[in-house]
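Quick notes on the structure that follows.
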Amino acid sequence: MLFFRYLLNKFDSMNELYKIVSSSMLYWFSQKKWFLFSVVLAIFLLNLSTPVGLTIAGYHSLIILLMVFTLVTFEPIPFPAIALLTLVLQVLLGVAPPDVVAASFMNDAVLFVMGSLMFAIAIVHQGLDIRLAKIIIRMFGKSKRLFLAGLMTISAVLSSFLGEHTIIAIMLPIGLSVMKNVDTKQTDGRNAVLLTLFSVAYGTIIGSIGTPSGGARNVIMINYLQEFSNIHIDYWEWMKHAYPILIVQLVVAYFVLQFAFPTSLKNIEIQGYKKKIAKSDTRNNINHLFSSIIILSIVTSWFLFNEEFGLGIIALCGALIFMIFGMVSWEVINKNTNWGVILLFAATISLGFQINETGASSWMVEKFNGLLSLMPENSLNISWSFMAILTGLTANFFTSSATISLLGPMAIELQPSDISFALSAAIASGFSFLTVISSPTAMIIYSTGLVSTKTFFKVGLLMFTSSIVILYLMSKFYWVTL
């Protein structure tokens, strides 16, 4: 009897253990279903015969590309894990030897991403938002609509040089400060809040296309053009192509937002905010002055010395100067730098290089051109539209830098001797207007809890379409004159 009771207790404990293990496994599978899907899909594709005209290494690089798209889109595993998996698979699947993968993992584009993120943290740490608020009110404070236009314009100009992730962190507090005590239950008040938030957001997003330092994708494309087509674009050359587009986009964005969010702006309190920031502190004034000198020096160096030293080294110098003079500690930079994002950028850039080196990008372009031959004339316009829209849409779900890292080689291969395709792809990937996961700006604006995904998409669809049209007209009629 005792033995029977012992067996019964043993069975109950084993049954309880089984329930715990099975529930844990089910939970793991539910959380990692997209990872498992990508692995199963990769195994299935690896067992198929290599497509005609494509090397085994090239075929395997495209399989890794498909896995990375799936994993970054659904994020079943952390970004650093995706980055490491990308590097490991390149070696295990024979895409490239370890030394080649390691060499492609670190270049000026990666140094720029790392340096600019660290530089941005150092800038935000200085509390320059108050100083900027004073300048904006002094220049644009005569009317509320002019103030919002100024907020958008200043955001765009600064974002074009310092990157949107830096400027949204500085400019958003200014926008939020003038919206305090606004009654968002009323349509007029809610639209005033949305108009202010979107003015800051669209300014920083639009500005990021303006210069190479505006976004990592710009530097990645410049590196690709130099590596694959031996075409060199300096800082000023990029600005000549991109800044007119930025200016036209700002004008269009202003009217799009006025149309989307009609409001009297009676709830926006500029004068009250002006009094709040009127006080100044001598120590802060000196700190802000020195910070401005450092920022101006780095931007000037990007103009003058980018060919000699590279954009990445100069960006690292900016962060280094702030640390040397004790204006920001390493602990602050280390705590706020997203090292996982840097790893992911480096890994996708490495994969992009292998896609080009193995001939996979040439194979994709050849297949695409084969489809174009079945279409009527003006296939060049069709291929341009396809590439611009593809990179623009993909970037809204996959981040712009990763998109250009992986699709950039294909854009260059479409027209190796013509930079318009490559530049159009890079610029279109900056049109982060559709989803709240498309860029740091979009995510930060959404995190305020004042903007819904539906609102962001509805307004963004109009802005995205307008931006593609502007980009096409500029590439067709303006770029040919340069």
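Residues in the structure tokens are named by chain (A, B, ... in the order shown) and by number from 1 within that chain; ligands are numbered from 1 in the order shown.
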
* To do: If you run DSSP over the backbone, which residues in range 21-109 of chain A end up alpha helix (DSSP H)? Put them as a ChimeraX atom specification.
  => /A:21-31,33-46,56-74,79-92,98-105,108-109

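Between CA of Gly189 in chain A and CA of Ser467 in chain A lies a distance of 28.2 Å.
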
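Taking only C-alpha atoms into account, Val248 in chain A lies nearest to A:Ala156 out of the set A:Leu304, A:Leu45, A:Ala156, A:Met443.
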
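As for CA of Pro51 in chain A and CA of Val95 in chain A, they are spaced 15.6 Å apart.
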
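One distance worth recording is that between CA of Ala315 in chain A and CA of Gly115 in chain A, which is 4.7 Å.
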
Just want the 12 Å neighbourhood of Phe290 in chain A, counted on only C-alpha atoms, with same-chain residues fewer than 5 positions away dropped. Output as a short mmCIF file (atom, residue, chain, number, x, y, z; two decimals) with N, CA and C atoms, in the first residue's frame.
data_model
loop_
_atom_site.label_atom_id
_atom_site.label_comp_id
_atom_site.auth_asym_id
_atom_site.auth_seq_id
_atom_site.Cartn_x
_atom_site.Cartn_y
_atom_site.Cartn_z
N ILE A 123 25.80 65.37 -27.26
CA ILE A 123 25.12 66.64 -27.58
C ILE A 123 23.85 66.79 -26.74
N GLN A 126 24.09 67.90 -23.14
CA GLN A 126 24.44 69.29 -22.84
C GLN A 126 23.22 70.17 -22.58
N LEU A 128 20.90 71.41 -24.82
CA LEU A 128 20.84 72.51 -25.78
C LEU A 128 19.41 72.87 -26.21
N ARG A 283 27.06 79.54 -16.24
CA ARG A 283 27.76 78.28 -16.46
C ARG A 283 27.20 77.54 -17.67
N ASN A 284 25.86 77.51 -17.76
CA ASN A 284 25.22 76.85 -18.91
C ASN A 284 25.55 77.59 -20.20
N ASN A 285 25.60 78.92 -20.14
CA ASN A 285 25.93 79.69 -21.34
C ASN A 285 27.31 79.33 -21.87
N ILE A 295 30.40 71.22 -32.10
CA ILE A 295 29.49 70.76 -33.15
C ILE A 295 29.84 71.40 -34.49
N LEU A 296 30.08 72.71 -34.47
CA LEU A 296 30.43 73.43 -35.70
C LEU A 296 31.74 72.91 -36.28
N SER A 297 32.69 72.60 -35.42
CA SER A 297 33.99 72.07 -35.88
C SER A 297 33.83 70.71 -36.54
N ILE A 321 36.10 64.40 -28.02
CA ILE A 321 36.35 65.75 -27.47
C ILE A 321 35.45 66.02 -26.27
N PHE A 322 34.18 65.65 -26.39
CA PHE A 322 33.25 65.85 -25.27
C PHE A 322 33.72 65.08 -24.04
N PHE A 325 37.10 66.66 -22.38
CA PHE A 325 36.87 67.89 -21.61
C PHE A 325 35.87 67.70 -20.46
N GLY A 326 35.48 66.44 -20.22
CA GLY A 326 34.63 66.14 -19.08
C GLY A 326 33.21 66.62 -19.20
N MET A 327 32.75 66.87 -20.44
CA MET A 327 31.38 67.36 -20.65
C MET A 327 30.37 66.22 -20.69
#

Per-residue nearest contacts of range 155-235 of chain A to range 348-357 of chain A (9 Å; only C-alpha atoms) as JSON lines:
{"residue": "A:Ile220", "atom": "CA", "partner": "A:Ile349", "partner_atom": "CA", "distance": 7.7}
{"residue": "A:Tyr224", "atom": "CA", "partner": "A:Phe353", "partner_atom": "CA", "distance": 8.1}
{"residue": "A:Phe228", "atom": "CA", "partner": "A:Asn356", "partner_atom": "CA", "distance": 8.0}

* To do: Name the residues in contact with range 229-236 of chain A at a cut-off of 6 Å, using only C-alpha atoms, excluding same-chain residues fewer than 3 positions from it; report them as a VMD selection string.
  => chain A and resid 225 to 226 239 303 416

Next, write the just-selected residues to a file, as a PDB file, in the first residue's frame, keeping N, CA and C atoms as the atom set.
ATOM      1  N   LEU A 225      29.083  52.956 -53.504  1.00  0.00           N
ATOM      2  CA  LEU A 225      29.410  53.539 -54.810  1.00  0.00           C
ATOM      3  C   LEU A 225      30.917  53.557 -55.038  1.00  0.00           C
ATOM      4  N   GLN A 226      31.653  53.856 -53.994  1.00  0.00           N
ATOM      5  CA  GLN A 226      33.109  53.902 -54.129  1.00  0.00           C
ATOM      6  C   GLN A 226      33.684  52.498 -54.322  1.00  0.00           C
ATOM      7  N   MET A 239      24.979  67.104 -51.001  1.00  0.00           N
ATOM      8  CA  MET A 239      24.074  68.202 -50.675  1.00  0.00           C
ATOM      9  C   MET A 239      23.459  68.827 -51.915  1.00  0.00           C
ATOM     10  N   PHE A 303      32.742  68.528 -44.012  1.00  0.00           N
ATOM     11  CA  PHE A 303      32.828  69.198 -45.311  1.00  0.00           C
ATOM     12  C   PHE A 303      34.242  69.127 -45.891  1.00  0.00           C
ATOM     13  N   PRO A 416      25.203  51.055 -63.078  1.00  0.00           N
ATOM     14  CA  PRO A 416      26.500  51.210 -62.404  1.00  0.00           C
ATOM     15  C   PRO A 416      27.193  52.547 -62.665  1.00  0.00           C
TER      16      PRO A 416
END

* Neighbour list for Val251 in chain A as a VMD selection string, cut-off 12 Å, only C-alpha atoms, skip fewer than 4 positions in-chain -> chain A and resid 149 to 150 152 to 153 156 199 202 to 203 206 244 to 247 255 to 258 463 466 to 467 470

* Asked: Any idea what's packed within 12 Å of Met387 in chain A, counting only C-alpha atoms, ignoring anything in its chain fewer than 5 positions away? Could you give it as a VMD selection string?
  -> chain A and resid 365 368 380 to 382 392 to 395 403 to 404 407 to 415 420 to 429 468 472

Selected residues, N, CA and C atoms, written as a short mmCIF file (atom, residue, chain, number, x, y, z; two decimals), in the first residue's frame, please.
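That gives us out-v1.cif:
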data_model
loop_
_atom_site.label_atom_id
_atom_site.label_comp_id
_atom_site.auth_asym_id
_atom_site.auth_seq_id
_atom_site.Cartn_x
_atom_site.Cartn_y
_atom_site.Cartn_z
N VAL A 365 19.50 41.69 -60.65
CA VAL A 365 19.28 42.75 -61.64
C VAL A 365 19.01 42.15 -63.01
N PHE A 368 15.53 40.94 -63.04
CA PHE A 368 14.62 42.09 -63.06
C PHE A 368 14.58 42.71 -64.45
N LEU A 380 13.34 52.21 -68.21
CA LEU A 380 14.22 52.86 -67.25
C LEU A 380 13.40 53.56 -66.16
N ASN A 381 12.31 54.20 -66.58
CA ASN A 381 11.43 54.85 -65.61
C ASN A 381 10.76 53.81 -64.70
N ILE A 382 10.43 52.66 -65.29
CA ILE A 382 9.79 51.60 -64.51
C ILE A 382 10.77 51.04 -63.49
N GLY A 392 11.85 52.48 -50.39
CA GLY A 392 11.04 53.32 -49.50
C GLY A 392 10.11 52.51 -48.63
N LEU A 393 9.40 51.55 -49.23
CA LEU A 393 8.46 50.72 -48.48
C LEU A 393 9.20 49.79 -47.52
N THR A 394 10.27 49.17 -48.01
CA THR A 394 11.03 48.24 -47.17
C THR A 394 11.58 48.94 -45.94
N ALA A 395 12.09 50.17 -46.13
CA ALA A 395 12.67 50.91 -45.01
C ALA A 395 11.64 51.24 -43.94
N THR A 403 18.05 48.44 -44.86
CA THR A 403 17.51 48.33 -46.22
C THR A 403 18.58 48.65 -47.26
N ILE A 404 19.28 49.77 -47.08
CA ILE A 404 20.31 50.16 -48.03
C ILE A 404 21.50 49.21 -47.97
N LEU A 407 19.88 46.20 -50.04
CA LEU A 407 19.37 46.45 -51.39
C LEU A 407 20.24 47.45 -52.17
N GLY A 408 21.15 48.12 -51.47
CA GLY A 408 22.02 49.09 -52.13
C GLY A 408 22.80 48.51 -53.31
N PRO A 409 23.42 47.32 -53.15
CA PRO A 409 24.16 46.74 -54.29
C PRO A 409 23.29 46.54 -55.52
N MET A 410 22.04 46.16 -55.32
CA MET A 410 21.14 45.96 -56.46
C MET A 410 20.83 47.28 -57.14
N ALA A 411 20.63 48.35 -56.34
CA ALA A 411 20.34 49.67 -56.92
C ALA A 411 21.51 50.16 -57.76
N ILE A 412 22.73 49.93 -57.30
CA ILE A 412 23.91 50.33 -58.05
C ILE A 412 24.05 49.50 -59.32
N GLU A 413 23.78 48.20 -59.21
CA GLU A 413 23.93 47.30 -60.35
C GLU A 413 22.96 47.62 -61.47
N LEU A 414 21.81 48.20 -61.13
CA LEU A 414 20.84 48.56 -62.17
C LEU A 414 21.41 49.59 -63.14
N GLN A 415 22.17 50.56 -62.60
CA GLN A 415 22.82 51.59 -63.43
C GLN A 415 24.19 51.90 -62.82
N SER A 420 22.17 58.27 -60.20
CA SER A 420 20.79 58.64 -59.87
C SER A 420 20.02 57.49 -59.25
N PHE A 421 20.27 56.25 -59.70
CA PHE A 421 19.57 55.11 -59.12
C PHE A 421 19.99 54.89 -57.67
N ALA A 422 21.31 54.94 -57.44
CA ALA A 422 21.82 54.71 -56.10
C ALA A 422 21.35 55.80 -55.13
N LEU A 423 21.45 57.06 -55.56
CA LEU A 423 21.03 58.17 -54.70
C LEU A 423 19.53 58.13 -54.44
N SER A 424 18.76 57.80 -55.48
CA SER A 424 17.30 57.72 -55.32
C SER A 424 16.93 56.66 -54.30
N ALA A 425 17.62 55.51 -54.37
CA ALA A 425 17.33 54.43 -53.42
C ALA A 425 17.65 54.88 -51.99
N ALA A 426 18.81 55.53 -51.82
CA ALA A 426 19.21 55.97 -50.48
C ALA A 426 18.26 57.03 -49.94
N ILE A 427 17.89 57.99 -50.77
CA ILE A 427 17.00 59.07 -50.33
C ILE A 427 15.59 58.53 -50.05
N ALA A 428 15.09 57.66 -50.93
CA ALA A 428 13.75 57.09 -50.74
C ALA A 428 13.67 56.27 -49.46
N SER A 429 14.78 55.64 -49.07
CA SER A 429 14.77 54.86 -47.83
C SER A 429 14.63 55.75 -46.60
N ILE A 468 7.88 60.63 -53.11
CA ILE A 468 8.33 59.83 -54.26
C ILE A 468 8.20 60.64 -55.55
N TYR A 472 11.26 61.81 -57.96
CA TYR A 472 11.29 61.47 -59.39
C TYR A 472 11.50 62.72 -60.25
#

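Excluding range 67-79 of chain A and any residue on its chain fewer than 2 positions from it, the residues at most 6 Å away by only C-alpha atoms are Lys32, Phe35, Ser38, Ile64, Leu65, Ala81, Ile82, Gly340 and Phe398 of chain A.
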